[in-house]
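As stored in protein_30.pdb (PDB, C-alpha atoms):
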ATOM      1  CA  MET A 899      52.251-106.775  62.931
ATOM      2  CA  THR A 900      51.085-103.203  62.619
ATOM      3  CA  GLY A 901      47.829-101.491  63.562
ATOM      4  CA  ARG A 902      46.162-101.085  66.931
ATOM      5  CA  LEU A 903      46.313-103.888  69.504
ATOM      6  CA  MET A 904      43.243-104.367  71.694
ATOM      7  CA  LEU A 905      43.633-106.148  75.046
ATOM      8  CA  LEU A 906      40.509-107.349  76.848
ATOM      9  CA  ASP A 907      40.312-107.698  80.606
ATOM     10  CA  THR A 908      38.046-110.625  79.889
ATOM     11  CA  ALA A 909      36.723-111.391  83.375
ATOM     12  CA  SER A 910      35.870-107.738  83.923
ATOM     13  CA  LEU A 911      33.853-107.763  80.706
ATOM     14  CA  TYR A 912      32.024-111.050  81.211
ATOM     15  CA  PHE A 913      31.084-110.004  84.753
ATOM     16  CA  ARG A 914      29.575-106.848  83.262
ATOM     17  CA  ALA A 915      27.822-108.893  80.603
ATOM     18  CA  TYR A 916      26.446-111.252  83.253
ATOM     19  CA  PHE A 917      24.932-108.430  85.286
ATOM     20  CA  GLY A 918      23.895-106.397  82.250
ATOM     21  CA  VAL A 919      22.123-109.089  80.214
ATOM     22  CA  PRO A 920      19.021-110.757  81.720
ATOM     23  CA  ASP A 921      19.492-114.352  82.873
ATOM     24  CA  SER A 922      16.402-115.183  80.840
ATOM     25  CA  VAL A 923      18.880-115.462  77.927
ATOM     26  CA  ARG A 924      19.334-119.224  77.993
ATOM     27  CA  ALA A 925      20.552-122.202  75.991
ATOM     28  CA  PRO A 926      18.036-124.701  74.579
ATOM     29  CA  ASP A 927      18.458-126.836  77.722
ATOM     30  CA  GLY A 928      17.632-123.868  79.963
ATOM     31  CA  THR A 929      21.199-123.061  81.054
ATOM     32  CA  PRO A 930      21.813-119.296  81.363
ATOM     33  CA  VAL A 931      24.191-118.003  78.679
ATOM     34  CA  ASN A 932      23.774-114.278  79.331
ATOM     35  CA  ALA A 933      27.499-113.786  80.049
ATOM     36  CA  VAL A 934      28.519-115.732  76.936
ATOM     37  CA  ARG A 935      26.219-113.881  74.576
ATOM     38  CA  GLY A 936      26.826-110.558  76.269
ATOM     39  CA  LEU A 937      30.592-110.912  75.887
ATOM     40  CA  LEU A 938      30.231-111.823  72.203
ATOM     41  CA  ASP A 939      28.096-108.715  71.715
ATOM     42  CA  PHE A 940      30.746-106.654  73.536
ATOM     43  CA  ILE A 941      33.535-107.944  71.295
ATOM     44  CA  ASP A 942      31.450-107.379  68.178
ATOM     45  CA  ARG A 943      30.791-103.760  69.165
ATOM     46  CA  LEU A 944      34.433-103.158  70.095
ATOM     47  CA  VAL A 945      35.706-104.492  66.768
ATOM     48  CA  ARG A 946      33.142-102.499  64.788
ATOM     49  CA  ASP A 947      33.689 -99.234  66.652
ATOM     50  CA  HIS A 948      37.451 -99.298  67.200
ATOM     51  CA  ARG A 949      38.766-101.532  64.386
ATOM     52  CA  PRO A 950      41.727-103.194  66.056
ATOM     53  CA  GLU A 951      43.891-105.364  63.847
ATOM     54  CA  GLN A 952      45.006-107.493  66.793
ATOM     55  CA  LEU A 953      43.019-108.609  69.814
ATOM     56  CA  VAL A 954      43.837-110.706  72.875
ATOM     57  CA  ALA A 955      41.358-111.935  75.465
ATOM     58  CA  CYS A 956      43.493-111.784  78.624
ATOM     59  CA  MET A 957      42.487-114.223  81.359
ATOM     60  CA  ASP A 958      42.950-114.633  85.113
ATOM     61  CA  ALA A 959      44.915-117.873  85.407
ATOM     62  CA  ASP A 960      45.258-116.882  89.072
ATOM     63  CA  TRP A 961      42.910-114.169  90.295
ATOM     64  CA  ARG A 962      44.740-113.864  93.666
ATOM     65  CA  PRO A 963      48.419-114.731  93.177
ATOM     66  CA  ARG A 964      50.149-115.997  96.299
ATOM     67  CA  TRP A 965      53.097-113.671  95.766
ATOM     68  CA  ARG A 966      50.751-110.731  96.181
ATOM     69  CA  VAL A 967      48.988-112.273  99.188
ATOM     70  CA  GLU A 968      52.325-112.919 100.912
ATOM     71  CA  LEU A 969      53.028-109.190 100.721
ATOM     72  CA  ILE A 970      49.520-107.997 101.692
ATOM     73  CA  PRO A 971      47.453-110.845 103.235
ATOM     74  CA  SER A 972      44.202-108.861 102.941
ATOM     75  CA  TYR A 973      44.564-108.719  99.144
ATOM     76  CA  LYS A 974      41.161-109.778  97.747
ATOM     77  CA  ALA A 975      40.625-111.846 100.910
ATOM     78  CA  HIS A 976      36.946-110.907 101.142
ATOM     79  CA  ARG A 977      36.312-112.551  97.766
ATOM     80  CA  VAL A 978      37.705-115.967  98.680
ATOM     81  CA  ALA A 979      35.048-118.681  98.566
ATOM     82  CA  GLY A 980      37.480-121.469  99.479
ATOM     83  CA  GLU A 981      41.197-121.782 100.141
ATOM     84  CA  ARG A 982      43.313-124.331  98.295
ATOM     85  CA  ALA A 983      46.828-125.467  99.104
ATOM     86  CA  ASP A 984      47.891-126.630  95.650
ATOM     87  CA  ALA A 985      45.850-124.368  93.348
ATOM     88  CA  PRO A 986      44.526-120.809  93.180
ATOM     89  CA  ASP A 987      41.956-120.036  95.866
ATOM     90  CA  GLU A 988      38.350-120.351  94.773
ATOM     91  CA  GLU A 989      36.776-116.987  94.019
ATOM     92  CA  GLU A 990      33.225-116.070  94.909
ATOM     93  CA  VAL A 991      31.394-116.155  91.568
ATOM     94  CA  PRO A 992      27.617-116.265  91.037
ATOM     95  CA  ASP A 993      26.387-119.843  90.669
ATOM     96  CA  THR A 994      25.033-119.264  87.179
ATOM     97  CA  LEU A 995      28.144-117.453  85.946
ATOM     98  CA  ALA A 996      30.811-120.012  86.842
ATOM     99  CA  PRO A 997      29.574-122.662  84.336
ATOM    100  CA  GLN A 998      29.596-120.065  81.552
ATOM    101  CA  VAL A 999      33.319-119.329  81.803
ATOM    102  CA  PRO A1000      34.470-122.599  80.145
ATOM    103  CA  VAL A1001      31.914-122.001  77.381
ATOM    104  CA  ILE A1002      33.350-118.521  76.809
ATOM    105  CA  GLU A1003      36.835-120.015  76.540
ATOM    106  CA  GLU A1004      35.723-122.710  74.074
ATOM    107  CA  VAL A1005      33.892-120.195  71.884
ATOM    108  CA  LEU A1006      36.816-117.759  71.769
ATOM    109  CA  ASP A1007      39.157-120.622  70.848
ATOM    110  CA  ALA A1008      36.866-121.893  68.096
ATOM    111  CA  VAL A1009      36.436-118.384  66.661
ATOM    112  CA  GLY A1010      40.212-117.965  66.668
ATOM    113  CA  ILE A1011      40.503-115.025  69.050
ATOM    114  CA  ALA A1012      43.789-115.222  70.969
ATOM    115  CA  ARG A1013      43.210-116.099  74.623
ATOM    116  CA  VAL A1014      46.077-115.824  77.103
ATOM    117  CA  GLY A1015      46.323-116.620  80.794
ATOM    118  CA  VAL A1016      49.583-117.414  82.587
ATOM    119  CA  ALA A1017      49.861-119.481  85.774
ATOM    120  CA  GLY A1018      50.584-117.356  88.816
ATOM    121  CA  TYR A1019      49.380-114.107  87.250
ATOM    122  CA  GLU A1020      46.231-112.066  86.868
ATOM    123  CA  ALA A1021      44.861-110.811  83.580
ATOM    124  CA  ASP A1022      46.129-107.341  84.576
ATOM    125  CA  ASP A1023      49.682-108.697  84.530
ATOM    126  CA  VAL A1024      49.180-110.297  81.118
ATOM    127  CA  ILE A1025      47.848-106.963  79.863
ATOM    128  CA  GLY A1026      50.781-105.126  81.442
ATOM    129  CA  THR A1027      53.296-107.373  79.724
ATOM    130  CA  PHE A1028      51.642-107.222  76.304
ATOM    131  CA  THR A1029      51.538-103.438  76.689
ATOM    132  CA  ALA A1030      55.203-103.235  77.707
ATOM    133  CA  ARG A1031      56.206-105.244  74.640
ATOM    134  CA  ALA A1032      53.886-103.547  72.162
ATOM    135  CA  GLY A1033      55.363-101.679  69.257
ATOM    136  CA  GLU A1034      51.982-100.316  68.217
ATOM    137  CA  PRO A1035      49.163 -98.299  69.855
ATOM    138  CA  VAL A1036      47.189-100.233  72.463
ATOM    139  CA  ASP A1037      43.562-100.085  73.586
ATOM    140  CA  ILE A1038      42.939-101.760  76.951
ATOM    141  CA  VAL A1039      39.274-102.563  77.540
ATOM    142  CA  THR A1040      38.482-102.940  81.235
ATOM    143  CA  GLY A1041      36.082-101.953  83.958
ATOM    144  CA  ASP A1042      38.989-101.962  86.422
ATOM    145  CA  ARG A1043      40.539 -98.563  87.085
ATOM    146  CA  ASP A1044      43.789-100.192  88.253
ATOM    147  CA  LEU A1045      44.838-100.409  84.616
ATOM    148  CA  TYR A1046      44.817 -96.617  84.308
ATOM    149  CA  GLN A1047      48.446 -96.923  85.427
ATOM    150  CA  LEU A1048      49.320 -98.119  81.899
ATOM    151  CA  VAL A1049      47.960 -95.018  80.110
ATOM    152  CA  ASP A1050      50.751 -93.375  78.120
ATOM    153  CA  ASP A1051      50.002 -90.760  75.465
ATOM    154  CA  GLY A1052      53.533 -90.951  74.090
ATOM    155  CA  ARG A1053      53.076 -94.616  73.202
ATOM    156  CA  GLY A1054      49.415 -94.380  72.215
ATOM    157  CA  ILE A1055      48.220 -96.487  75.149
ATOM    158  CA  ARG A1056      44.741 -95.704  76.397
ATOM    159  CA  VAL A1057      42.067 -97.418  78.464
ATOM    160  CA  LEU A1058      38.539 -97.876  77.151
ATOM    161  CA  TYR A1059      36.460 -97.903  80.323
ATOM    162  CA  PRO A1060      32.817 -99.009  79.939
ATOM    163  CA  LEU A1061      30.385 -96.547  81.480
ATOM    164  CA  LYS A1062      27.285 -98.330  80.183
ATOM    165  CA  GLY A1063      27.719-101.591  78.327
ATOM    166  CA  VAL A1064      30.365-101.037  75.686
ATOM    167  CA  GLY A1065      28.288 -98.620  73.686
ATOM    168  CA  THR A1066      29.403 -95.831  76.018
ATOM    169  CA  LEU A1067      33.128 -95.963  76.694
ATOM    170  CA  GLN A1068      35.343 -93.449  78.438
ATOM    171  CA  LEU A1069      38.455 -93.126  76.265
ATOM    172  CA  THR A1070      40.926 -92.608  79.066
ATOM    173  CA  ASP A1071      44.118 -90.786  78.138
ATOM    174  CA  GLU A1072      46.457 -88.651  80.218
ATOM    175  CA  ALA A1073      44.223 -85.577  79.916
ATOM    176  CA  VAL A1074      41.300 -87.488  81.415
ATOM    177  CA  LEU A1075      43.459 -88.801  84.258
ATOM    178  CA  ARG A1076      44.811 -85.355  85.090
ATOM    179  CA  GLU A1077      41.308 -83.875  85.062
ATOM    180  CA  LYS A1078      39.759 -86.615  87.217
ATOM    181  CA  TYR A1079      42.650 -87.591  89.491
ATOM    182  CA  GLY A1080      45.405 -85.007  89.102
ATOM    183  CA  VAL A1081      47.967 -87.596  87.959
ATOM    184  CA  ASP A1082      49.163 -89.200  84.743
ATOM    185  CA  GLY A1083      49.324 -92.931  84.059
ATOM    186  CA  ARG A1084      52.621 -93.430  85.870
ATOM    187  CA  GLY A1085      51.251 -91.647  88.928
ATOM    188  CA  TYR A1086      47.999 -93.583  89.097
ATOM    189  CA  ALA A1087      49.465 -96.673  90.815
ATOM    190  CA  ASP A1088      50.974 -94.482  93.551
ATOM    191  CA  LEU A1089      47.629 -92.686  93.947
ATOM    192  CA  ALA A1090      45.807 -96.008  94.190
ATOM    193  CA  LEU A1091      48.075 -97.519  96.824
ATOM    194  CA  LEU A1092      48.000 -94.359  98.965
ATOM    195  CA  ARG A1093      44.223 -94.081  98.685
ATOM    196  CA  GLY A1094      43.615 -97.802  99.133
ATOM    197  CA  ASP A1095      40.932 -99.898  97.482
ATOM    198  CA  PRO A1096      38.428-101.846  99.601
ATOM    199  CA  SER A1097      37.314-103.853  96.558
ATOM    200  CA  ASP A1098      40.832-105.324  96.355
ATOM    201  CA  GLY A1099      41.503-105.451 100.091
ATOM    202  CA  LEU A1100      44.158-102.727  99.932
ATOM    203  CA  PRO A1101      44.126-100.692 103.162
ATOM    204  CA  GLY A1102      45.871 -97.590 101.858
ATOM    205  CA  VAL A1103      47.240 -94.995 104.265
ATOM    206  CA  ALA A1104      44.812 -94.019 107.014
ATOM    207  CA  GLY A1105      43.519 -90.489 106.605
ATOM    208  CA  ILE A1106      44.849 -90.060 103.065
ATOM    209  CA  GLY A1107      42.099 -90.125 100.492
ATOM    210  CA  GLU A1108      42.203 -89.573  96.774
ATOM    211  CA  LYS A1109      42.464 -85.792  96.832
ATOM    212  CA  THR A1110      45.158 -85.697  99.499
ATOM    213  CA  ALA A1111      47.115 -88.408  97.676
ATOM    214  CA  ALA A1112      46.954 -86.381  94.460
ATOM    215  CA  LYS A1113      48.189 -83.245  96.265
ATOM    216  CA  LEU A1114      51.091 -85.129  97.833
ATOM    217  CA  LEU A1115      52.076 -86.585  94.457
ATOM    218  CA  ALA A1116      51.857 -83.164  92.837
ATOM    219  CA  GLU A1117      54.187 -81.726  95.466
ATOM    220  CA  PHE A1118      56.681 -84.565  95.887
ATOM    221  CA  GLY A1119      56.556 -86.253  92.463
ATOM    222  CA  ASP A1120      56.016 -89.898  93.316
ATOM    223  CA  LEU A1121      55.794 -92.349  96.196
ATOM    224  CA  ALA A1122      59.561 -92.347  96.722
ATOM    225  CA  GLY A1123      59.474 -88.563  96.955
ATOM    226  CA  ILE A1124      56.684 -88.682  99.526
ATOM    227  CA  VAL A1125      58.524 -91.266 101.645
ATOM    228  CA  ALA A1126      61.678 -89.144 101.499
ATOM    229  CA  ALA A1127      59.670 -86.079 102.534
ATOM    230  CA  VAL A1128      58.550 -87.850 105.717
ATOM    231  CA  ASP A1129      62.164 -87.872 106.942
ATOM    232  CA  ASP A1130      62.841 -84.255 105.990
ATOM    233  CA  PRO A1131      61.507 -81.835 108.629
ATOM    234  CA  ARG A1132      61.664 -78.985 106.104
ATOM    235  CA  THR A1133      58.934 -80.469 103.897
ATOM    236  CA  ARG A1134      55.397 -79.165 104.053
ATOM    237  CA  LEU A1135      53.681 -82.203 105.500
ATOM    238  CA  THR A1136      51.177 -81.685 108.260
ATOM    239  CA  PRO A1137      52.011 -83.399 111.558
ATOM    240  CA  SER A1138      49.099 -85.764 110.962
ATOM    241  CA  GLN A1139      50.270 -86.675 107.454
ATOM    242  CA  ARG A1140      53.826 -87.224 108.665
ATOM    243  CA  ARG A1141      52.628 -89.486 111.477
ATOM    244  CA  ARG A1142      50.284 -91.517 109.306
ATOM    245  CA  LEU A1143      52.842 -91.996 106.544
ATOM    246  CA  THR A1144      55.416 -93.045 109.146
ATOM    247  CA  GLU A1145      53.008 -95.598 110.619
ATOM    248  CA  ALA A1146      52.269 -96.890 107.117
ATOM    249  CA  ARG A1147      55.922 -97.531 106.182
ATOM    250  CA  PRO A1148      55.624-101.351 106.273
ATOM    251  CA  TYR A1149      52.629-101.168 103.925
ATOM    252  CA  LEU A1150      54.279 -98.628 101.625
ATOM    253  CA  ALA A1151      57.342-100.846 101.336
ATOM    254  CA  VAL A1152      55.371-103.726  99.779
ATOM    255  CA  ALA A1153      52.302-102.086  98.217
ATOM    256  CA  PRO A1154      53.987-101.007  94.961
ATOM    257  CA  LYS A1155      54.769-104.610  93.995
ATOM    258  CA  VAL A1156      51.162-105.583  94.713
ATOM    259  CA  VAL A1157      49.474-102.644  92.999
ATOM    260  CA  ARG A1158      51.688-102.243  89.935
ATOM    261  CA  VAL A1159      50.954-104.718  87.175
ATOM    262  CA  ALA A1160      53.755-107.017  86.132
ATOM    263  CA  ALA A1161      55.586-106.305  82.890
ATOM    264  CA  ASP A1162      57.636-109.496  82.744
ATOM    265  CA  VAL A1163      55.060-112.295  82.528
ATOM    266  CA  PRO A1164      56.330-115.252  80.435
ATOM    267  CA  LEU A1165      53.802-114.925  77.638
ATOM    268  CA  PRO A1166      53.249-117.806  75.226
ATOM    269  CA  ASP A1167      53.712-117.304  71.510
ATOM    270  CA  VAL A1168      50.258-116.529  70.120
ATOM    271  CA  ASP A1169      48.853-115.162  66.901
ATOM    272  CA  THR A1170      47.181-111.940  68.002
ATOM    273  CA  ALA A1171      45.757-111.080  64.563
ATOM    274  CA  LEU A1172      41.967-110.944  64.456
ATOM    275  CA  PRO A1173      40.644-113.784  62.281
ATOM    276  CA  ARG A1174      38.363-113.208  59.320
ATOM    277  CA  SER A1175      36.874-116.690  59.531
ATOM    278  CA  PRO A1176      36.539-119.208  62.394
ATOM    279  CA  ARG A1177      39.566-121.282  63.330
ATOM    280  CA  ASP A1178      37.397-124.360  63.975
ATOM    281  CA  PRO A1179      34.075-124.025  62.122
ATOM    282  CA  ALA A1180      32.805-127.481  63.097
ATOM    283  CA  ALA A1181      33.457-126.945  66.807
ATOM    284  CA  LEU A1182      31.927-123.476  66.621
ATOM    285  CA  GLU A1183      28.797-124.792  64.903
ATOM    286  CA  GLU A1184      28.346-127.383  67.644
ATOM    287  CA  LEU A1185      28.886-124.774  70.378
ATOM    288  CA  ALA A1186      26.394-122.428  68.724
ATOM    289  CA  ARG A1187      23.800-125.208  68.525
ATOM    290  CA  ARG A1188      24.318-126.519  72.044
ATOM    291  CA  TRP A1189      24.355-123.143  73.773
ATOM    292  CA  GLY A1190      21.956-121.234  71.541
ATOM    293  CA  LEU A1191      24.418-118.478  70.693
ATOM    294  CA  GLY A1192      22.283-117.324  67.781
ATOM    295  CA  GLY A1193      22.557-113.736  66.641
ATOM    296  CA  SER A1194      25.323-112.790  69.080
ATOM    297  CA  LEU A1195      27.799-115.180  67.480
ATOM    298  CA  GLN A1196      26.602-114.545  63.945
ATOM    299  CA  ARG A1197      26.965-110.781  64.300
ATOM    300  CA  LEU A1198      30.537-111.167  65.523
ATOM    301  CA  LEU A1199      31.443-113.536  62.679
ATOM    302  CA  THR A1200      29.940-111.117  60.151
ATOM    303  CA  THR A1201      31.880-108.205  61.641
ATOM    304  CA  LEU A1202      35.142-110.185  61.516
ATOM    305  CA  ALA A1203      34.526-111.258  57.914
ATOM    306  CA  GLU A1204      33.633-107.759  56.700
ATOM    307  CA  ARG A1205      36.470-105.858  58.342
ATOM    308  CA  PRO A1206      38.230-103.505  55.895
TER     309      PRO A1206
END
Could I get this file's structure written as structure tokens?
Amino acid sequence: MTGRLMLLDTASLYFRAYFGVPDSVRAPDGTPVNAVRGLLDFIDRLVRDHRPEQLVACMDADWRPRWRVELIPSYKAHRVAGERADAPDEEEVPDTLAPQVPVIEEVLDAVGIARVGVAGYEADDVIGTFTARAGEPVDIVTGDRDLYQLVDDGRGIRVLYPLKGVGTLQLTDEAVLREKYGVDGRGYADLALLRGDPSDGLPGVAGIGEKTAAKLLAEFGDLAGIVAAVDDPRTRLTPSQRRRLTEARPYLAVAPKVVRVAADVPLPDVDTALPRSPRDPAALEELARRWGLGGSLQRLLTTLAERP
């Protein structure tokens, strides 16, 4: 395959659709379908505006993998609605969103849009692995800044970050990252783990915020360089920075594996080419009727059919 590959952080987008589209958008039986229709509108706009030839809806088969939790127990702990011994923990999701997720999956499958989730991994890891394997330019569509770590101008990898819906996207390349954060894509994961992220339960290093983290990375190159600088009395670390980084050594030893997306997920063989016509027209017609998908679905199908 040639042409640009688009990877969707699907949960990030349907959460945005859910909160951005009124819940008065409902199926004939009164069930809210605002996330379903909003996501279809998002995909339609993305295909029209950016013209990918390949597209994959990447899914969270496990939103809080145990291998990450074993390294940092606080990882996403505040979002756990219920713990399970033999399955992924239950995530806190709005009551009217959870029933829409299976509908989203059925609609994407019937349209013929590739949908990939892998047991034991988050969508970020699926995206990271597709990106690592890609031989073509990649657009990653996400509202999660963690994926900035994959930005790579040399390989044509950029992040399309929604600022308002998907009509206003920040095309994030290395120039944007350097301007906003003082790092490139490779440096963003180190910045994030030093700074911490309360939304993901990552404590970071006490007293080291985003600006200080960026300055340390600019001076010492990467996390390994910063850790080495702690042990070298000649380096220009303040006493406070040296003490805090020393105290944070146990965290810094495990945080990179948690924060950096995986690049070795065992992906299934899938056809990533965007379809021009539905894979299962009969199933799609029934889904459209049952859930009242109306213009949102029809616009997407028209866009797919009329692609150059």
Take the PyMOL selection byres ((chain A and resi 958-970) around 7), apply it to the structure above, and return the hits as a PDB file with C-alpha atoms, in the frame of the given file.
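Once written, expr10.pdb looks like this:
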ATOM      1  CA  MET A 957      42.487-114.223  81.359  1.00  0.00           C
ATOM      2  CA  PRO A 971      47.453-110.845 103.235  1.00  0.00           C
ATOM      3  CA  SER A 972      44.202-108.861 102.941  1.00  0.00           C
ATOM      4  CA  TYR A 973      44.564-108.719  99.144  1.00  0.00           C
ATOM      5  CA  LYS A 974      41.161-109.778  97.747  1.00  0.00           C
ATOM      6  CA  PRO A 986      44.526-120.809  93.180  1.00  0.00           C
ATOM      7  CA  GLY A1015      46.323-116.620  80.794  1.00  0.00           C
ATOM      8  CA  VAL A1016      49.583-117.414  82.587  1.00  0.00           C
ATOM      9  CA  ALA A1017      49.861-119.481  85.774  1.00  0.00           C
ATOM     10  CA  GLY A1018      50.584-117.356  88.816  1.00  0.00           C
ATOM     11  CA  TYR A1019      49.380-114.107  87.250  1.00  0.00           C
ATOM     12  CA  GLU A1020      46.231-112.066  86.868  1.00  0.00           C
ATOM     13  CA  ALA A1021      44.861-110.811  83.580  1.00  0.00           C
ATOM     14  CA  VAL A1152      55.371-103.726  99.779  1.00  0.00           C
ATOM     15  CA  VAL A1156      51.162-105.583  94.713  1.00  0.00           C
TER      16      VAL A1156
END
Surrounding residues of region 1088-1095 of chain A excluding itself and chain neighbours under 2 positions, 9 Å, only C-alpha atoms, as an NGL selection string: :A and (1044 or 1047 or 1079 or 1081 or 1084-1086 or 1097-1112 or 1115 or 1120-1121 or 1150 or 1153-1154 or 1156-1158)
I'd like the residues picked by the PyMOL selection byres ((chain A and resi 943) around 10) written out as a list of chain:residue names, using the chain letters and numbers from the file. A:Leu937, A:Leu938, A:Asp939, A:Phe940, A:Ile941, A:Asp942, A:Leu944, A:Val945, A:Arg946, A:Asp947, A:His948, A:Arg949, A:Gly1063, A:Val1064, A:Gly1065, A:Arg1197, A:Leu1198, A:Thr1201
Residues picked by the PyMOL selection byres ((chain A and resi 1176) around 8) here, as an MDAnalysis selection string? chainID A and resid 1008:1010 1173:1175 1177:1179 1182 1199
Nearest residue to Cys956 (chain A) from the set A:Ala985, A:Val991, A:Leu906, A:Leu1195 (distances using all atoms listed in the file): A:Leu906
At a cut-off of 12 Å, using all atoms listed in the file, what residues contact Leu1058 (chain A)? Leave out same-chain residues fewer than 5 positions from it and give the result as an NGL selection string. :A and (904-907 or 911 or 944 or 947-948 or 1036-1043 or 1045-1046 or 1048-1049 or 1063-1071 or 1074)
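The two atoms in question, CA of Glu1072 (chain A) and CA of Asp1051 (chain A), are spaced 6.3 Å apart.
Closest approach to Ile1055 (chain A) from the set A:Val999, A:Leu903, A:Val919, A:Val1125 is made by A:Leu903, with distances taken over all atoms listed in the file.
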Each side padded by 6 Å, which centre and which edge lengths in Å (one decimal) define the axis-aligned box around the listed atoms of region 935-948 of chain A? Give them as lines of an AutoDock Vina configuration file.
center_x = 31.8
center_y = -106.6
center_z = 70.5
size_x = 23.2
size_y = 26.6
size_z = 23.5
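You will find CA of Pro992 (chain A) at 27.2 Å from CA of Gln1196 (chain A).
Candidate residues A:Pro1148, A:Gly1052, A:Gly1026, A:Gly936 were compared for distance to Phe913 (chain A), and the nearest is A:Gly936, using all atoms listed in the file.
The residue that comes closest to Leu1191 (chain A), out of A:Ala1030, A:Ala909, A:Val931, A:Ala1126 and on the basis of only C-alpha atoms, is A:Val931.
If you look at CA of Ile1002 (chain A) and CA of Val934 (chain A), they are 5.6 Å away from each other.
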Shell of 9 Å around Pro926 (chain A), only C-alpha atoms, local chain residues under 2 positions omitted, as a VMD selection string: chain A and resid 924 928 to 929 1187 to 1190
